[in-house]
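One structure is given here, and the rest of the page talks about it.
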Amino acid sequence: MDHKKLAELLFPHIDKTPDYYEQKFKIRDLPQGAMVTRLGPSPTGFIHLGNLYGALADERLAHQSGGIFYLRIEDTDDKRYVENAVETIISSLRFFDINFDEGALMEGEKGDYGPYYQSRRGEIYQCFVKYLVEQGSAYPCFLTEEELASIRQRQEQAKETTGIYGRYAEKSRSLTYDEIKANIEAGKPYVIRLKSSGNHDLPSEEIRHIHVEDAVRGVLSMPENNQDVVILKTNGIPTYHMAHVVDDHLMRTTHVVRGEEWLMSLPIHVELFEKLGLPMPVYCHTAQLLKLDNGNKRKLSKRKDPELSLDYYRREGYHPAAVKEYLMTILNSDFEEWRLANPDAPMEDFKFTTEKMSSGGALFDLNKLNDISKDVLVKIPSSSLYDFLTGWAREFRPEIYPLLRDNRQYVEKILDLGRTGNKPRKDFIRAGQIFDFISYFFDDYFVIEDTVPENVSDEDAAEILTRYLASYDHSDDQTLWFEKIRGIAEDMGYAARPKDYKKNPDAYKGHVGHVSTVIRIALMGRSQSPDIWEIQQILGKERTRERLGLMIK
Ligand code: GLU
């Protein structure tokens, strides 16, 4: 068979050669060691935690090495296209301060290595497929859906590997030029398949193995590919295998960070690179995100786990810095240790390495995220926390937005409560929870949630508050203020110190802590809260008196 003639028959409209593109998309002029990474989402509009996990790795690798991080839209499957998906992808990642240098951007395509939409690269792929046909490494296959289904059925019955390989490929591989030409003239649809060099009929111990150095997993040894996979579909659009090989090469990607679900098809990619005579990028196959469900680890699922969607974190009001900090702890095993040694350093100072990435499943745990969030939020100054909280409310809780917007000073003081000093309180996790935590400061949201301690009778509670109100002087300092509470406790038969009560419980009705809990409930509606004196200072004299009065009735 004259392969060149066949290539002309199949791709008469393609007049360029791979070399043309090789020249057009020059090796990037970047400093030694600079990495070029990419995110290649399909435009379904659903951007999830796994994407963010990968994107964070991509972004760190590129930017810490002075390289480039670009966005390529893998839209070869138009059934999956969702309106505004690209905007959603970009803005979802921007929220986490992950920004692209190049590619399919909001303002349009940017960069010298485009187009960055696979749907616009048809000719480029076909040029490389044409080259493979010319080399005798690819061929047209006219098998119909029915024929493929019946092959599959036979293979399943015989418990054989499914697919087109070895003897199942014979029929299409051996078509003559004239037969192919006649089929095309008859309008029969066809795909282009890779003519794999892998031999399917060898006993397993003789199968050649490929060795690929994965930056996360070390050297991988896998049986070589022997399937004649489809590289160009009937509509002339390439499959993922072909498209990613061509794109990652021409866009001069140095590191391909992708999910471990692609590991299985790595031998196909290796064969494609070999047959095209192109160097391979460094692969970094990341671990799947898993969660514990009733003690068992399982993959996060779109249907069962709302936390898989990035929208979830925005809606719940997680601070992007907290989510990133947490993802970094599951991405790089030495991050936590670094953080302990560098509590105040920006995350960007951490040297991210692929070697320290987990290769087993990465366990995602919302409780751990919450803990990390507390540590992250405690370091955020109240003014910027205020902006974050207000911005969140505006989008997700419009009914509380004016309250926050119009009371900047008041809210900042509230947010600062107990957070300064060397043992700051770590009460804040996410915007929704922060608002609930501080809601008692706003009259419209103030409710009595807890009851007074059991050992304090209703009469005593009323008397405590009456006495407290009578002696209340807003200008008392914290010491004097507490002395007064002690005085009230003692007068009413409660121990002035908890330890006196513990030593001799029969001698008292309770202790000063029970007395102050009554005051706390009157003021905050809750039996747990930051320091009462400080809260009163923020509430102000009027509101403090008013709330005490309310509960005496
Ligand atoms: N479009 C592929 C996906 O969404 C990208 C995989 C890759 O990064 O190579 O899974």
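A note on labels: chains of the structure tokens are A, B, ... as shown, every chain counts residues from 1, and ligands are counted from 1 in their shown order.
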
What are the DSSP strand (DSSP E) residues of region 92-277 of chain A, as an mmCIF file with C-alpha atoms, in the first residue's frame?
data_model
loop_
_atom_site.group_PDB
_atom_site.id
_atom_site.type_symbol
_atom_site.label_atom_id
_atom_site.label_comp_id
_atom_site.auth_asym_id
_atom_site.auth_seq_id
_atom_site.Cartn_x
_atom_site.Cartn_y
_atom_site.Cartn_z
ATOM 1 C CA GLU A 102 -2.410 32.531 28.688
ATOM 2 C CA GLY A 103 -5.075 30.644 26.804
ATOM 3 C CA ALA A 104 -8.848 30.910 26.641
ATOM 4 C CA LEU A 105 -9.398 33.955 28.839
ATOM 5 C CA GLY A 108 -10.686 36.266 24.499
ATOM 6 C CA GLU A 109 -7.758 34.119 23.533
ATOM 7 C CA LYS A 110 -4.365 35.302 24.649
ATOM 8 C CA ALA A 138 -2.804 4.898 11.148
ATOM 9 C CA TYR A 139 -5.586 3.714 8.871
ATOM 10 C CA PRO A 140 -9.257 4.266 8.135
ATOM 11 C CA CYS A 141 -11.726 1.837 9.654
ATOM 12 C CA VAL A 191 -12.821 6.653 11.786
ATOM 13 C CA ILE A 192 -9.033 6.733 11.779
ATOM 14 C CA ARG A 193 -7.364 4.232 14.054
ATOM 15 C CA LEU A 194 -3.828 4.035 15.318
ATOM 16 C CA HIS A 209 6.679 -2.988 28.950
ATOM 17 C CA ILE A 210 6.972 0.746 28.722
ATOM 18 C CA HIS A 211 8.687 2.738 31.446
ATOM 19 C CA VAL A 212 7.537 6.233 32.147
ATOM 20 C CA GLU A 213 8.854 8.452 34.871
ATOM 21 C CA ASP A 214 5.849 10.027 36.506
ATOM 22 C CA GLY A 218 8.168 7.547 40.120
ATOM 23 C CA VAL A 219 8.935 5.108 37.312
ATOM 24 C CA LEU A 220 5.819 3.410 36.026
ATOM 25 C CA SER A 221 6.147 0.135 34.241
ATOM 26 C CA MET A 222 3.131 -0.861 32.164
ATOM 27 C CA PRO A 223 2.416 -3.291 29.334
ATOM 28 C CA VAL A 230 -9.665 5.629 17.443
ATOM 29 C CA ILE A 231 -7.684 8.822 16.992
ATOM 30 C CA LEU A 232 -10.036 10.686 14.677
ATOM 31 C CA HIS A 255 4.264 19.104 32.881
ATOM 32 C CA VAL A 256 0.905 17.448 32.395
ATOM 33 C CA VAL A 257 -0.917 17.328 35.705
ATOM 34 C CA ARG A 258 -4.015 15.189 35.360
ATOM 35 C CA GLY A 259 -6.149 12.780 37.352
#

With a distance cut-off of 9 Å and only C-alpha atoms, select the neighbouring residues of Phe100 (chain A), excluding the residue or stretch itself and same-chain residues fewer than 5 positions from it, and output the selection as a compact mmCIF listing (two decimals) with all heavy atoms, in the first residue's frame.
# COMPACT_ATOMS: atom_id res chain seq x y z
N ARG A 38 -0.92 23.35 32.23
CA ARG A 38 -2.21 23.77 31.66
C ARG A 38 -3.34 23.10 32.41
O ARG A 38 -3.20 22.06 33.04
CB ARG A 38 -2.24 23.45 30.18
CG ARG A 38 -2.64 22.05 29.73
CD ARG A 38 -2.01 20.90 30.44
NE ARG A 38 -2.21 19.62 29.80
CZ ARG A 38 -3.09 18.69 30.18
NH1 ARG A 38 -3.86 18.87 31.22
NH2 ARG A 38 -3.17 17.54 29.53
N GLU A 59 -0.81 25.64 38.93
CA GLU A 59 -0.50 27.05 39.14
C GLU A 59 0.79 27.21 39.94
O GLU A 59 1.66 28.00 39.59
CB GLU A 59 -1.68 27.72 39.87
CG GLU A 59 -1.60 29.23 39.96
CD GLU A 59 -0.81 29.74 41.15
OE1 GLU A 59 -0.57 28.98 42.12
OE2 GLU A 59 -0.39 30.91 41.12
N ILE A 68 4.66 29.27 32.82
CA ILE A 68 3.37 29.72 32.28
C ILE A 68 2.30 28.70 32.64
O ILE A 68 2.51 27.49 32.54
CB ILE A 68 3.44 29.78 30.73
CG1 ILE A 68 4.51 30.77 30.26
CG2 ILE A 68 2.08 30.06 30.11
CD1 ILE A 68 4.11 32.22 30.33
N PHE A 69 1.15 29.24 33.02
CA PHE A 69 -0.01 28.38 33.31
C PHE A 69 -1.12 28.83 32.36
O PHE A 69 -1.51 29.99 32.36
CB PHE A 69 -0.41 28.57 34.77
CG PHE A 69 -1.66 27.84 35.18
CD1 PHE A 69 -1.92 26.56 34.70
CD2 PHE A 69 -2.56 28.42 36.07
CE1 PHE A 69 -3.08 25.88 35.09
CE2 PHE A 69 -3.71 27.74 36.46
CZ PHE A 69 -3.97 26.47 35.96
N TYR A 70 -1.56 27.92 31.51
CA TYR A 70 -2.55 28.35 30.53
C TYR A 70 -3.83 27.51 30.58
O TYR A 70 -3.85 26.42 31.15
CB TYR A 70 -1.94 28.36 29.11
CG TYR A 70 -1.64 27.00 28.51
CD1 TYR A 70 -2.62 26.32 27.80
CD2 TYR A 70 -0.39 26.40 28.63
CE1 TYR A 70 -2.36 25.07 27.24
CE2 TYR A 70 -0.12 25.16 28.07
CZ TYR A 70 -1.11 24.50 27.37
OH TYR A 70 -0.87 23.27 26.83
N LEU A 71 -4.88 28.06 30.01
CA LEU A 71 -6.18 27.38 29.99
C LEU A 71 -6.53 26.94 28.57
O LEU A 71 -6.59 27.76 27.66
CB LEU A 71 -7.27 28.32 30.51
CG LEU A 71 -8.71 27.77 30.48
CD1 LEU A 71 -8.86 26.55 31.38
CD2 LEU A 71 -9.72 28.84 30.91
N ILE A 90 -13.22 30.22 34.66
CA ILE A 90 -12.24 31.25 35.00
C ILE A 90 -12.59 31.96 36.30
O ILE A 90 -11.75 32.14 37.17
CB ILE A 90 -12.09 32.26 33.84
CG1 ILE A 90 -11.51 31.52 32.62
CG2 ILE A 90 -11.23 33.44 34.24
CD1 ILE A 90 -11.45 32.34 31.35
N ARG A 94 -10.58 32.10 39.74
CA ARG A 94 -10.12 33.43 40.15
C ARG A 94 -10.49 33.69 41.61
O ARG A 94 -9.74 34.31 42.35
CB ARG A 94 -10.73 34.49 39.24
CG ARG A 94 -10.25 35.88 39.54
CD ARG A 94 -10.76 36.87 38.53
NE ARG A 94 -10.17 36.69 37.22
CZ ARG A 94 -10.62 37.28 36.12
NH1 ARG A 94 -11.67 38.08 36.20
NH2 ARG A 94 -10.04 37.09 34.95
N LEU A 105 -9.16 33.08 27.69
CA LEU A 105 -9.40 33.96 28.84
C LEU A 105 -10.72 34.71 28.67
O LEU A 105 -11.36 34.64 27.62
CB LEU A 105 -8.23 34.93 29.01
CG LEU A 105 -6.84 34.29 29.16
CD1 LEU A 105 -5.78 35.35 29.44
CD2 LEU A 105 -6.82 33.25 30.28

Enumerate residues in contact with ligand 1: an atom-to-atom distance of at most 6 Å, counting only C-alpha atoms and all ligand atoms. Format the result as a ChimeraX atom specification.
/A:39-42,74,258

From the list A:Phe364, A:Tyr445, A:Tyr326, A:Phe142, which residue is nearest Leu308 (chain A) when using only C-alpha atoms?
A:Phe364

DSSP alpha helix (DSSP H) selection over region 47-81 of chain A, as a list in words:
Leu49, Gly50, Asn51, Leu52, Tyr53, Gly54, Ala55, Leu56, Ala57, Asp58, Glu59, Arg60, Leu61, Ala62, His63 and Gln64 of chain A

Which residues are close to Arg543 (chain A), i.e. within 9 Å by only C-alpha atoms, leaving aside same-chain residues fewer than 6 positions away? Reply as a count of residues only.
3

Hey, what's within 12 Å of Tyr168 (chain A) if we count only C-alpha atoms and toss same-chain stuff fewer than 6 positions away? As a PyMOL selection string, please?
chain A and resi 141+143+147-148+150-152+154-155+160-162+174+200-201+226-228

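Rounded to one decimal, CA of Tyr165 (chain A) and CA of Asn225 (chain A) lie 9.8 Å from each other.
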
Quick one: residues within 10 Å of region 313-318 of chain A, only C-alpha atoms counted, chain neighbours fewer than 6 positions away excluded, as an MDAnalysis selection string?
chainID A and resid 49 92 95:96 306:307 369:370 373 377 388:389 391:393 395:397 429:434

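Between CA of Leu93 (chain A) and CA of Thr239 (chain A) there is a distance of 26.4 Å.
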
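Put simply, CA of Tyr21 (chain A) is 10.7 Å away from CA of Tyr125 (chain A).
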
As number ranges by chain, please: the residues near Gly525 (chain A) (cut-off 12 Å, only C-alpha atoms, same-chain neighbours under 6 positions excluded).
A: 437-443, 445-452, 517-519, 532, 547-548, 550-551

Residues of the last selection are to be written out with C-alpha atoms, as a short mmCIF file (atom, residue, chain, number, x, y, z; two decimals), in the first residue's frame.
data_model
loop_
_atom_site.label_atom_id
_atom_site.label_comp_id
_atom_site.auth_asym_id
_atom_site.auth_seq_id
_atom_site.Cartn_x
_atom_site.Cartn_y
_atom_site.Cartn_z
CA PHE A 437 -21.97 33.20 65.73
CA ILE A 438 -22.25 36.97 66.04
CA SER A 439 -25.94 37.39 65.20
CA TYR A 440 -26.94 38.25 68.79
CA PHE A 441 -25.27 41.61 68.34
CA PHE A 442 -28.14 42.57 66.05
CA ASP A 443 -31.50 43.12 67.71
CA TYR A 445 -31.51 38.31 65.28
CA PHE A 446 -31.23 38.30 69.05
CA VAL A 447 -33.07 35.33 70.61
CA ILE A 448 -32.78 33.58 73.93
CA GLU A 449 -31.47 30.17 72.90
CA ASP A 450 -30.27 28.69 76.18
CA THR A 451 -31.78 28.28 79.61
CA VAL A 452 -30.29 29.43 82.90
CA THR A 517 -24.17 32.67 82.94
CA VAL A 518 -27.51 34.22 83.80
CA ILE A 519 -26.15 37.62 82.75
CA ILE A 532 -19.11 39.51 78.74
CA ARG A 547 -31.49 43.50 77.17
CA LEU A 548 -31.05 43.06 80.92
CA LEU A 550 -36.09 42.52 78.86
CA MET A 551 -35.32 39.38 80.77
#

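Each of A:Gln126, A:Ser358, A:Gln528, A:Ser204 was checked against Pro18 (chain A) using only C-alpha atoms; the smallest atom-to-atom distance is that of A:Gln126.
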
For Ala496 (chain A), work out the shell of residues within 6 Å, counting only C-alpha atoms and skipping chain neighbours fewer than 2 positions away, then give it as a PyMOL selection string.
chain A and resi 486+490+512

Of the candidates A:Gly187, A:Gly198, A:Pro203, A:Gly67, which one gets nearest to Gly166 (chain A) if we count only C-alpha atoms?
A:Gly198

A:Val515, A:Cys127, A:Leu480, A:Ala182 ranked by distance to Pro12 (chain A), top pick (using only C-alpha atoms):
A:Cys127

Looking at A:His319, A:Arg173, A:Arg217, A:Lys426, which one is nearest to Leu263 (chain A), with distances taken over only C-alpha atoms?
A:Arg217

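Nearest residue to Gly136 (chain A) among A:Ala462, A:Leu266, A:Val376, A:Ala7 is A:Ala7, counting only C-alpha atoms.
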